[in-house]
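Contents: one structure, followed by commentary.
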Amino acid sequence: MESEHFDTLRLHAGYEPADHLQSPIVPIYQTAAFGLGDTQTAAAIAAGTKSDAYTYSRVGNPTVRAFEKRLAVLDGGVDAVAVGSGMAAISYALLNVAEGGGRVLAPTNIYGASLDEFRTLLPKFGIEFDFFDDINDLAAIKSLIQADTKAIYIESVANPSTEVADIEALAQIAHAAGIPLIVDNTFPTPYLCRPFDFGADIDVYSSTKGINGHGNVVSGVIVDHGKFDWHNGKFPQMTESEFILGNEAKQQTASFYSKFGAKAFISRIRMKYLRLFGAVMSPFDAYLALLGVETISERLSKEVQSTKAIATYLTTNSHVEHVYYSGIEADNKLVKKYFPRGIGAILSFELAGTEQQVAAVLDHVHVFTYLPNVGDVRSLIVNPVKVTHREMPQAIRLKHKLNQQVLRLSIGLEDVNDLIADLDQAIAQAF
């Protein structure tokens with residue numbers, strides 16, 4: 001998508017002012033429920049034949065719906081469902097695809113909470129995981145696929161190593177096996193990368209991060225590409241009769257696939273997981289997230305440039321053992337292919353020092369905020385092993401060189417020279 005086209009859609013997609021008293025900004029429909037009007041209208045709403053109506057904000061809300069529509073357009077999908085957090089987005093997507101039991105392939109170098117869920121929680125629901133260490137060892141990944149494998153799950157840019165996945169190659173492997181590729185695209189956002197352009201099937205986001213960009217909302221989004229064949233026999237939940245879709249009085253039955261076709265997956269997310277498990281996004285949070293989307297291009301453009309400058313500076317600091325930021329790897333073909341605008345505003349680096357010196361850096365920064373989030377307009381710093389990746393067993397951490405000396409940065413909109421100076425003085429004091 002050309003940047004000019006993207007920049008128009010981020011301001012206008014998914015919303016018609018004429019439907020909302022000509023308000024140019026999406027209104028906040030801060031209500032728990034909506035009037036049904038007359039009995040005939042109520043019957044049409046209950047039957048699902050009146051699509052532009054709302055009943056209860058757990059099921060749907062106009063402010064949230066505008067956010068969903070905008071993200072679906074920006075990401076190149078057929079529809080989206082907003083939820084209460086990024087972890088809810090991941091959980092719902094994987095439960096929906098592997099419901100009833102099955103296997104999912106996933107890398108070990110992912111966000112700590114995701115790995116914790118995959119290792120210790122979802123297996124209790126009959127969903128087992130086959131893990132691999134190298135996101136781009138395509139032969140090894142292909143060899144792990146079994147008859148009951150339901151999906152491949154990846155992060156487009158790994159947290160916190162920033163390793164880039166070969167999305168197109170992984171999509172080809174998944175599709176050859178008749179399964180979808182699910183991509184956590186949180187770090188890049190649709191502005192820096194659209195996995196659907198390279199064959200991915202489902203995108204998940206913690207819209208808490210770069211999509212909203214202001215550190216004031218916890219939320220998540222699931223986006224459906226609408227291209228996967230859910231009728232291939234591996235996903236009976238999509239083709240079995242669903243009571244709420246039929247008409248008991250007329251003895252009519254329907255499945256999510258027969259009723260929604262290309263939107264079967266995302267419709268099932270909305271009507272089963274969101275409606276029944278209830279991790280909804282509030283109207284006010286959707287309003288704030290929409291405001292964040294309006295500036296996503298300017299924010300990320302500056303943040304990426306600052307991140308490259310900071311990563312380059314860190315490579316020159318004698319107290320830094322290693323910098324993890326694939327965005328400055330000139331020979332990285334995957335970065336060139338998937339991220340022409342940059343990989344994002346998150347990087348990590350390993351100090352050549354003790355745990356006490358790492359703590360001293362955290363204690364002496366002034367512009368950076370010691371805080372477990374990313375994608376904020378303010379620059380953030382955290383020690384992953386102690387905070388964001390504490391759920392990751394040491395054996396897995398060490399495979400990915402994630403030790404006690406590693407610090408993760410999320411670069412915001414401050415002056416880049418102030419950020420470099422802040423890191424420089426904090427590291428100098430620590431050593």
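Residues are named by chain letter and number: chains run A, B, ... in the order of the structure tokens, numbers start at 1 in each chain, and ligands are numbered from 1 in the order shown.
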
Discussion item. Please identify the helix (DSSP H, G or I) residues within segment 265-334 of chain A (assignment by DSSP from backbone atoms) and present them as a ChimeraX atom specification.
Written reply: /A:265-277,283-293,296-316,326-328,333-334

Same residues, C-alpha atoms, output as a PDB file, in the first residue's frame:
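Wrote it out as result-v7.pdb, contents follow:
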```pdb
ATOM      1  CA  PHE A 265     -13.039 -17.237  11.280  1.00  0.00           C
ATOM      2  CA  ILE A 266     -13.511 -13.647  12.389  1.00  0.00           C
ATOM      3  CA  SER A 267     -17.289 -14.038  12.687  1.00  0.00           C
ATOM      4  CA  ARG A 268     -16.780 -16.981  14.999  1.00  0.00           C
ATOM      5  CA  ILE A 269     -14.329 -14.939  17.080  1.00  0.00           C
ATOM      6  CA  ARG A 270     -16.972 -12.248  17.491  1.00  0.00           C
ATOM      7  CA  MET A 271     -20.016 -14.432  18.081  1.00  0.00           C
ATOM      8  CA  LYS A 272     -18.459 -17.146  20.253  1.00  0.00           C
ATOM      9  CA  TYR A 273     -15.275 -15.938  21.929  1.00  0.00           C
ATOM     10  CA  LEU A 274     -15.911 -12.220  22.300  1.00  0.00           C
ATOM     11  CA  ARG A 275     -19.619 -12.590  23.100  1.00  0.00           C
ATOM     12  CA  LEU A 276     -19.207 -15.521  25.500  1.00  0.00           C
ATOM     13  CA  PHE A 277     -15.729 -15.059  27.010  1.00  0.00           C
ATOM     14  CA  PRO A 283     -15.878   2.527  23.865  1.00  0.00           C
ATOM     15  CA  PHE A 284     -13.622   5.081  25.555  1.00  0.00           C
ATOM     16  CA  ASP A 285     -10.550   2.923  24.952  1.00  0.00           C
ATOM     17  CA  ALA A 286     -11.547   2.552  21.306  1.00  0.00           C
ATOM     18  CA  TYR A 287     -11.856   6.331  21.039  1.00  0.00           C
ATOM     19  CA  LEU A 288      -8.349   6.820  22.447  1.00  0.00           C
ATOM     20  CA  ALA A 289      -6.945   4.120  20.162  1.00  0.00           C
ATOM     21  CA  LEU A 290      -8.545   5.789  17.136  1.00  0.00           C
ATOM     22  CA  LEU A 291      -6.858   9.064  18.081  1.00  0.00           C
ATOM     23  CA  GLY A 292      -3.552   7.202  18.210  1.00  0.00           C
ATOM     24  CA  VAL A 293      -4.072   5.675  14.769  1.00  0.00           C
ATOM     25  CA  ILE A 296       0.658   6.466  13.408  1.00  0.00           C
ATOM     26  CA  SER A 297       2.698   7.375  10.311  1.00  0.00           C
ATOM     27  CA  GLU A 298       4.405  10.414  11.812  1.00  0.00           C
ATOM     28  CA  ARG A 299       5.035   8.697  15.120  1.00  0.00           C
ATOM     29  CA  LEU A 300       6.562   5.536  13.726  1.00  0.00           C
ATOM     30  CA  SER A 301       8.581   7.322  11.053  1.00  0.00           C
ATOM     31  CA  LYS A 302      10.366   9.439  13.639  1.00  0.00           C
ATOM     32  CA  GLU A 303      10.650   6.617  16.164  1.00  0.00           C
ATOM     33  CA  VAL A 304      12.234   4.282  13.614  1.00  0.00           C
ATOM     34  CA  GLN A 305      14.838   6.876  12.626  1.00  0.00           C
ATOM     35  CA  SER A 306      15.647   7.571  16.268  1.00  0.00           C
ATOM     36  CA  THR A 307      15.890   3.859  17.021  1.00  0.00           C
ATOM     37  CA  LYS A 308      18.376   3.335  14.204  1.00  0.00           C
ATOM     38  CA  ALA A 309      20.489   6.216  15.530  1.00  0.00           C
ATOM     39  CA  ILE A 310      20.399   4.877  19.092  1.00  0.00           C
ATOM     40  CA  ALA A 311      21.217   1.332  17.968  1.00  0.00           C
ATOM     41  CA  THR A 312      24.165   2.673  15.990  1.00  0.00           C
ATOM     42  CA  TYR A 313      25.372   4.654  19.017  1.00  0.00           C
ATOM     43  CA  LEU A 314      25.158   1.582  21.246  1.00  0.00           C
ATOM     44  CA  THR A 315      27.387  -0.373  18.862  1.00  0.00           C
ATOM     45  CA  THR A 316      30.110   2.211  19.555  1.00  0.00           C
ATOM     46  CA  SER A 326      17.931  -6.174  12.853  1.00  0.00           C
ATOM     47  CA  GLY A 327      16.985  -2.769  11.447  1.00  0.00           C
ATOM     48  CA  ILE A 328      20.682  -1.808  11.218  1.00  0.00           C
ATOM     49  CA  LYS A 333      17.486  -9.517   3.069  1.00  0.00           C
ATOM     50  CA  LEU A 334      14.349 -10.141   5.116  1.00  0.00           C
TER      51      LEU A 334
END
```

Worksheet item: Hey, what's within 7 Å of Val218 of chain A if we count only C-alpha atoms and toss same-chain stuff fewer than 6 positions away? As a list in words, please?
Response: Gly84, Ser85 and Thr208 of chain A

Filtering to C-alpha atoms, could you give me those residues as an mmCIF file, in the first residue's frame?
```cif
data_model
loop_
_atom_site.group_PDB
_atom_site.id
_atom_site.type_symbol
_atom_site.label_atom_id
_atom_site.label_comp_id
_atom_site.auth_asym_id
_atom_site.auth_seq_id
_atom_site.Cartn_x
_atom_site.Cartn_y
_atom_site.Cartn_z
ATOM 1 C CA GLY A 84 -9.543 -6.090 25.838
ATOM 2 C CA SER A 85 -5.826 -6.851 25.455
ATOM 3 C CA THR A 208 -1.743 -1.105 23.440
#
```

Worksheet item: What is the atom CA of Thr41 of chain A to atom CA of Gly14 of chain A distance in Å?
Response: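 Going from atom CA of Thr41 of chain A over to atom CA of Gly14 of chain A covers 24.2 Å.
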
Discussion item. Among segment 178-324 of chain A, which ones does DSSP assign to strand (DSSP E or B) (computed from the backbone)? Answer as a list of chain:residue names.
Written reply: A:Leu181, A:Ile182, A:Val183, A:Asp184, A:Ile202, A:Asp203, A:Val204, A:Tyr205, A:Ser206, A:Gly220, A:Val221, A:Ile222, A:Val223, A:Asp224, A:Asn247, A:Gln252, A:Val320, A:Glu321, A:His322, A:Val323, A:Tyr324

Worksheet entry | Proximity to Tyr153 of chain A - best of A:Leu94, A:Ala249, A:Glu99, A:Glu68, only C-alpha atoms |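 Result for the nearest residue to Tyr153 of chain A: A:Leu94.
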
Worksheet item: Counting only C-alpha atoms, what is within 10 Å of Leu95 of chain A, bar same-chain residues fewer than 4 positions away, as a PyMOL selection string?
Response: chain A and resi 90-91+99-102+122+125-127+269+273

Atoms kept (C-alpha atoms) for selection, written as a short mmCIF file (atom, residue, chain, number, x, y, z; two decimals), in the first residue's frame:
```cif
data_model
loop_
_atom_site.label_atom_id
_atom_site.label_comp_id
_atom_site.auth_asym_id
_atom_site.auth_seq_id
_atom_site.Cartn_x
_atom_site.Cartn_y
_atom_site.Cartn_z
CA ILE A 90 -3.71 -14.20 20.91
CA SER A 91 -5.80 -16.48 23.13
CA GLU A 99 -10.62 -25.67 19.52
CA GLY A 100 -11.33 -29.24 20.57
CA GLY A 101 -7.68 -30.23 20.47
CA GLY A 102 -4.78 -30.05 18.09
CA LEU A 122 -3.43 -23.87 26.51
CA PHE A 125 -7.43 -27.04 26.99
CA GLY A 126 -6.16 -29.79 24.69
CA ILE A 127 -3.99 -27.53 22.53
CA ILE A 269 -14.33 -14.94 17.08
CA TYR A 273 -15.28 -15.94 21.93
#
```
